[in-house]
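Visitor: One structure, pasted below without further comment.
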Amino acid sequence: MEISAEHTSFVAIGDSFTEGMSDLRPDGSYRGWADLLAARLAARTPGFRYANLAVRGKLIGQIVDEQVDRAATMNADVVTLVGGLNDALRPKCDMGRVRGLLDEAVERLAPSCGRLVLMRSPGRNGPVMERFRPRMEELFAHIDVLAARHGALVVDLYGAPVLGDQRLWDVDRLHLTAEGHRRVAEAVWQTLGLTPEEDWRAPLPTAVVPGWAARRTADLRFSREYLLPWIGRRLTGRSSGDGRPAKRPELLPYSVPLAGEPDGETAGLP
């Protein structure tokens with residue numbers, strides 16, 4: 001049974017997770033869970049509007065400075081905020097500052113929208129996850145406190161073992177695949193009180209473990225194509241999102257895509 005009110009508008013803010021990396025469309029642009037959710041909401045609500053202010057690489061301070069006030073002025077029915085994990089994954093991170101900035105973001109967003117949705121983000125199983133798990137759990141514990149204080153919803157992706165399965169993560173080991181984003185969209189859909197269409201927590205079939213040589217080849221590719229460039233950006237103070245605009249900066253009508261068309265890009269855009 002659906003318990004939600006009608007959702008006529010949706011604004012998503014955050015970093016690469018909300019921008020949609022690495023759910024590639026055929027044209028090379030990113031789709032992602034927020035676009036998928038918007039398309040599903042648009043299918044049930046005439047005149048539905050959607051904005052996505054997320055930009056890859058953004059730290060929580062940048063999200064607060066560049067996205068929060070803009071989202072608040074849109075007065076949407078639903079606003080999703082996912083941020084802070086890029087900070088937590090850096091070698092040096094002031095978690096007190098991260099918590100304070102999240103406080104600021106939620107205090108500004110909660111009164112401006114019908115429903116604020118926060119997330120406990122997923123993490124890929126592996127040594128990197130284990131290294132940063134304490135920071136992540138500190139971040140998620142604070143998100144729970146903020147949600148209780150401000151009446152926000154929390155989507156617990158971190159608590160779903162299937163989203164730690166390496167097969168749901170792209171070769172960069174930082175971003176979900178299309179299947180991962182599809183499950184996140186379903187998780188948010190259900191958190192909004194809408195009728196479930198599937199069990200997004202369902203485990204994948206038993207994996208065939210790659211051989212030693214295949215794993216080493218994958219490790220070398222990851223290091224060469226993703227890890228070393230990431231380290232280079234950290235050393236030079238650059239970000240993958242520098243100079244990049246939001247993917248959908250205005251709260252505009254969002255259409256249900258026709259066959260062969262990119263999701264929702266046929267309405268309200270030049």
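Identifiers in this document derive from the order of the structure tokens: chains are assigned A, B, ..., residues are numbered from 1 separately in each chain, and ligands are numbered from 1 in order of occurrence.
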If you count only C-alpha atoms, which residues fall within 12 Å of Arg248 (chain A), apart from same-chain ones fewer than 3 positions away, as a ChimeraX atom specification?
Guide: /A:10-13,18-20,30-31,34-35,38,49-55,67,71,244-245,251-254,264-265,267-270
Visitor: Excluding region 154-165 of chain A and any residue of its chain fewer than 3 positions from it, enumerate the residues within 8 Å of it, using only C-alpha atoms, and give them as a short mmCIF file (atom, residue, chain, number, x, y, z; two decimals) with N, CA, C and O atoms, in the first residue's frame.
Guide:
```cif
data_model
loop_
_atom_site.label_atom_id
_atom_site.label_comp_id
_atom_site.auth_asym_id
_atom_site.auth_seq_id
_atom_site.Cartn_x
_atom_site.Cartn_y
_atom_site.Cartn_z
N VAL A 117 15.40 13.63 1.90
CA VAL A 117 15.87 12.26 1.93
C VAL A 117 17.39 12.26 2.03
O VAL A 117 18.08 12.86 1.19
N LEU A 118 17.92 11.61 3.05
CA LEU A 118 19.35 11.42 3.25
C LEU A 118 19.70 9.97 2.99
O LEU A 118 18.82 9.11 2.92
N MET A 119 21.00 9.68 2.86
CA MET A 119 21.41 8.30 2.56
C MET A 119 22.64 7.89 3.35
O MET A 119 23.54 8.70 3.58
N ARG A 120 22.64 6.64 3.73
CA ARG A 120 23.84 5.94 4.19
C ARG A 120 24.40 5.24 2.95
O ARG A 120 23.88 4.23 2.51
N SER A 121 25.45 5.82 2.37
CA SER A 121 25.94 5.40 1.05
C SER A 121 26.51 3.99 1.06
O SER A 121 27.03 3.52 2.07
N PRO A 122 26.45 3.32 -0.09
CA PRO A 122 27.05 1.98 -0.18
C PRO A 122 28.57 2.08 -0.31
O PRO A 122 29.11 3.14 -0.65
N GLY A 123 29.25 0.98 -0.04
CA GLY A 123 30.69 0.91 -0.20
C GLY A 123 31.09 -0.43 -0.77
O GLY A 123 30.54 -1.47 -0.38
N ARG A 124 32.00 -0.42 -1.71
CA ARG A 124 32.46 -1.65 -2.35
C ARG A 124 33.31 -2.47 -1.38
O ARG A 124 34.24 -1.96 -0.76
N ASN A 125 33.01 -3.74 -1.24
CA ASN A 125 33.79 -4.60 -0.38
C ASN A 125 35.24 -4.67 -0.87
O ASN A 125 35.50 -4.81 -2.06
N ILE A 143 24.27 11.13 10.21
CA ILE A 143 23.12 11.27 9.31
C ILE A 143 21.85 10.77 9.99
O ILE A 143 20.78 11.38 9.89
N ASP A 144 21.93 9.67 10.71
CA ASP A 144 20.77 9.17 11.45
C ASP A 144 20.28 10.19 12.48
O ASP A 144 19.08 10.41 12.65
N ALA A 147 18.55 13.07 10.66
CA ALA A 147 17.24 12.67 10.14
C ALA A 147 16.20 12.66 11.26
O ALA A 147 15.07 13.15 11.07
N LEU A 168 28.69 -5.03 -8.65
CA LEU A 168 27.83 -3.88 -8.83
C LEU A 168 28.62 -2.57 -8.90
O LEU A 168 28.02 -1.49 -8.90
N TRP A 169 29.96 -2.68 -9.01
CA TRP A 169 30.81 -1.50 -9.06
C TRP A 169 31.60 -1.50 -10.36
O TRP A 169 32.06 -2.53 -10.84
N GLY A 180 23.62 -1.35 -10.24
CA GLY A 180 23.69 -0.76 -8.91
C GLY A 180 22.82 0.47 -8.80
O GLY A 180 22.08 0.65 -7.82
N VAL A 184 19.49 1.32 -6.39
CA VAL A 184 19.39 2.50 -5.54
C VAL A 184 18.08 3.26 -5.83
O VAL A 184 17.39 3.71 -4.90
N ALA A 187 15.41 1.56 -4.08
CA ALA A 187 15.50 1.78 -2.64
C ALA A 187 14.89 3.12 -2.24
O ALA A 187 14.15 3.23 -1.26
N VAL A 188 15.19 4.18 -3.00
CA VAL A 188 14.64 5.49 -2.70
C VAL A 188 13.13 5.50 -2.94
O VAL A 188 12.35 6.05 -2.15
N THR A 191 11.52 3.95 -0.02
CA THR A 191 11.64 4.81 1.16
C THR A 191 10.63 5.95 1.11
O THR A 191 10.14 6.40 2.17
N ARG A 201 17.33 -5.48 -2.37
CA ARG A 201 18.37 -6.08 -1.54
C ARG A 201 18.71 -7.51 -1.95
O ARG A 201 19.62 -8.11 -1.37
N ALA A 202 18.02 -8.05 -2.95
CA ALA A 202 18.22 -9.45 -3.33
C ALA A 202 19.67 -9.69 -3.76
O ALA A 202 20.22 -8.92 -4.56
N PRO A 203 20.31 -10.74 -3.25
CA PRO A 203 21.72 -11.00 -3.62
C PRO A 203 21.86 -11.41 -5.07
O PRO A 203 20.92 -11.93 -5.69
N LEU A 204 23.04 -11.17 -5.62
CA LEU A 204 23.36 -11.64 -6.96
C LEU A 204 23.61 -13.14 -6.95
O LEU A 204 23.88 -13.72 -5.90
#
```
Visitor: Give me the residues within 6 Å of His175 (chain A) as a CSV table (one decimal) with C-alpha atoms, in the first residue's frame, counting only C-alpha atoms and dropping any in the same chain fewer than 5 places off.
Guide:
```
chain,number,residue,atom,x,y,z
A,21,MET,CA,28.6,7.9,-12.6
A,22,SER,CA,29.2,5.2,-14.0
A,169,TRP,CA,30.8,-1.5,-9.1
A,170,ASP,CA,32.5,-0.1,-12.2
```
Visitor: In Å to one decimal, how far is CA of Cys113 (chain A) from CA of Val78 (chain A)?
Guide: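 Separation of CA of Val78 (chain A) and CA of Cys113 (chain A): 6.3 Å.
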Visitor: When you count only C-alpha atoms, which of these residues is closest to Leu174 (chain A): A:Ala42, A:Leu24, A:Leu192, A:Leu85?
Guide: A:Leu85
Visitor: What is the distance, in Å and to one decimal place, between CA of Trp33 (chain A) and CA of Ile60 (chain A)?
Guide: 19.8 Å
Visitor: Could you jot down the CA of Arg135 (chain A) to CA of Asn86 (chain A) separation for me, Å, one decimal place?
Guide: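 That distance, rounded to one decimal, is 11.1 Å.
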Visitor: Would you please extract all strand (DSSP E or B) residues from region 105-177 of chain A, as assigned by DSSP on the backbone, and give them as a PyMOL selection string?
Guide: chain A and resi 115-120+153-156+169+176
Visitor: Pick out the residues sitting within 8 Å of His150 (chain A), and hand them over as an NGL selection string; count only C-alpha atoms, and ignore anything fewer than 4 positions along from it in its own chain.
Guide: :A and (106-107 or 110 or 146)
Visitor: Enumerate the residues of region 73-103 of chain A with a DSSP assignment of alpha helix (DSSP H), computed from the backbone, and present them as a ChimeraX atom specification.
Guide: /A:73-74,85-88,95-103
Visitor: Excluding region 87-100 of chain A and any residue of its chain fewer than 3 positions from it, enumerate the residues within 8 Å of it, using only C-alpha atoms, and give them as a PyMOL selection string.
Guide: chain A and resi 59-61+84+103-104+132+135-136+139+142
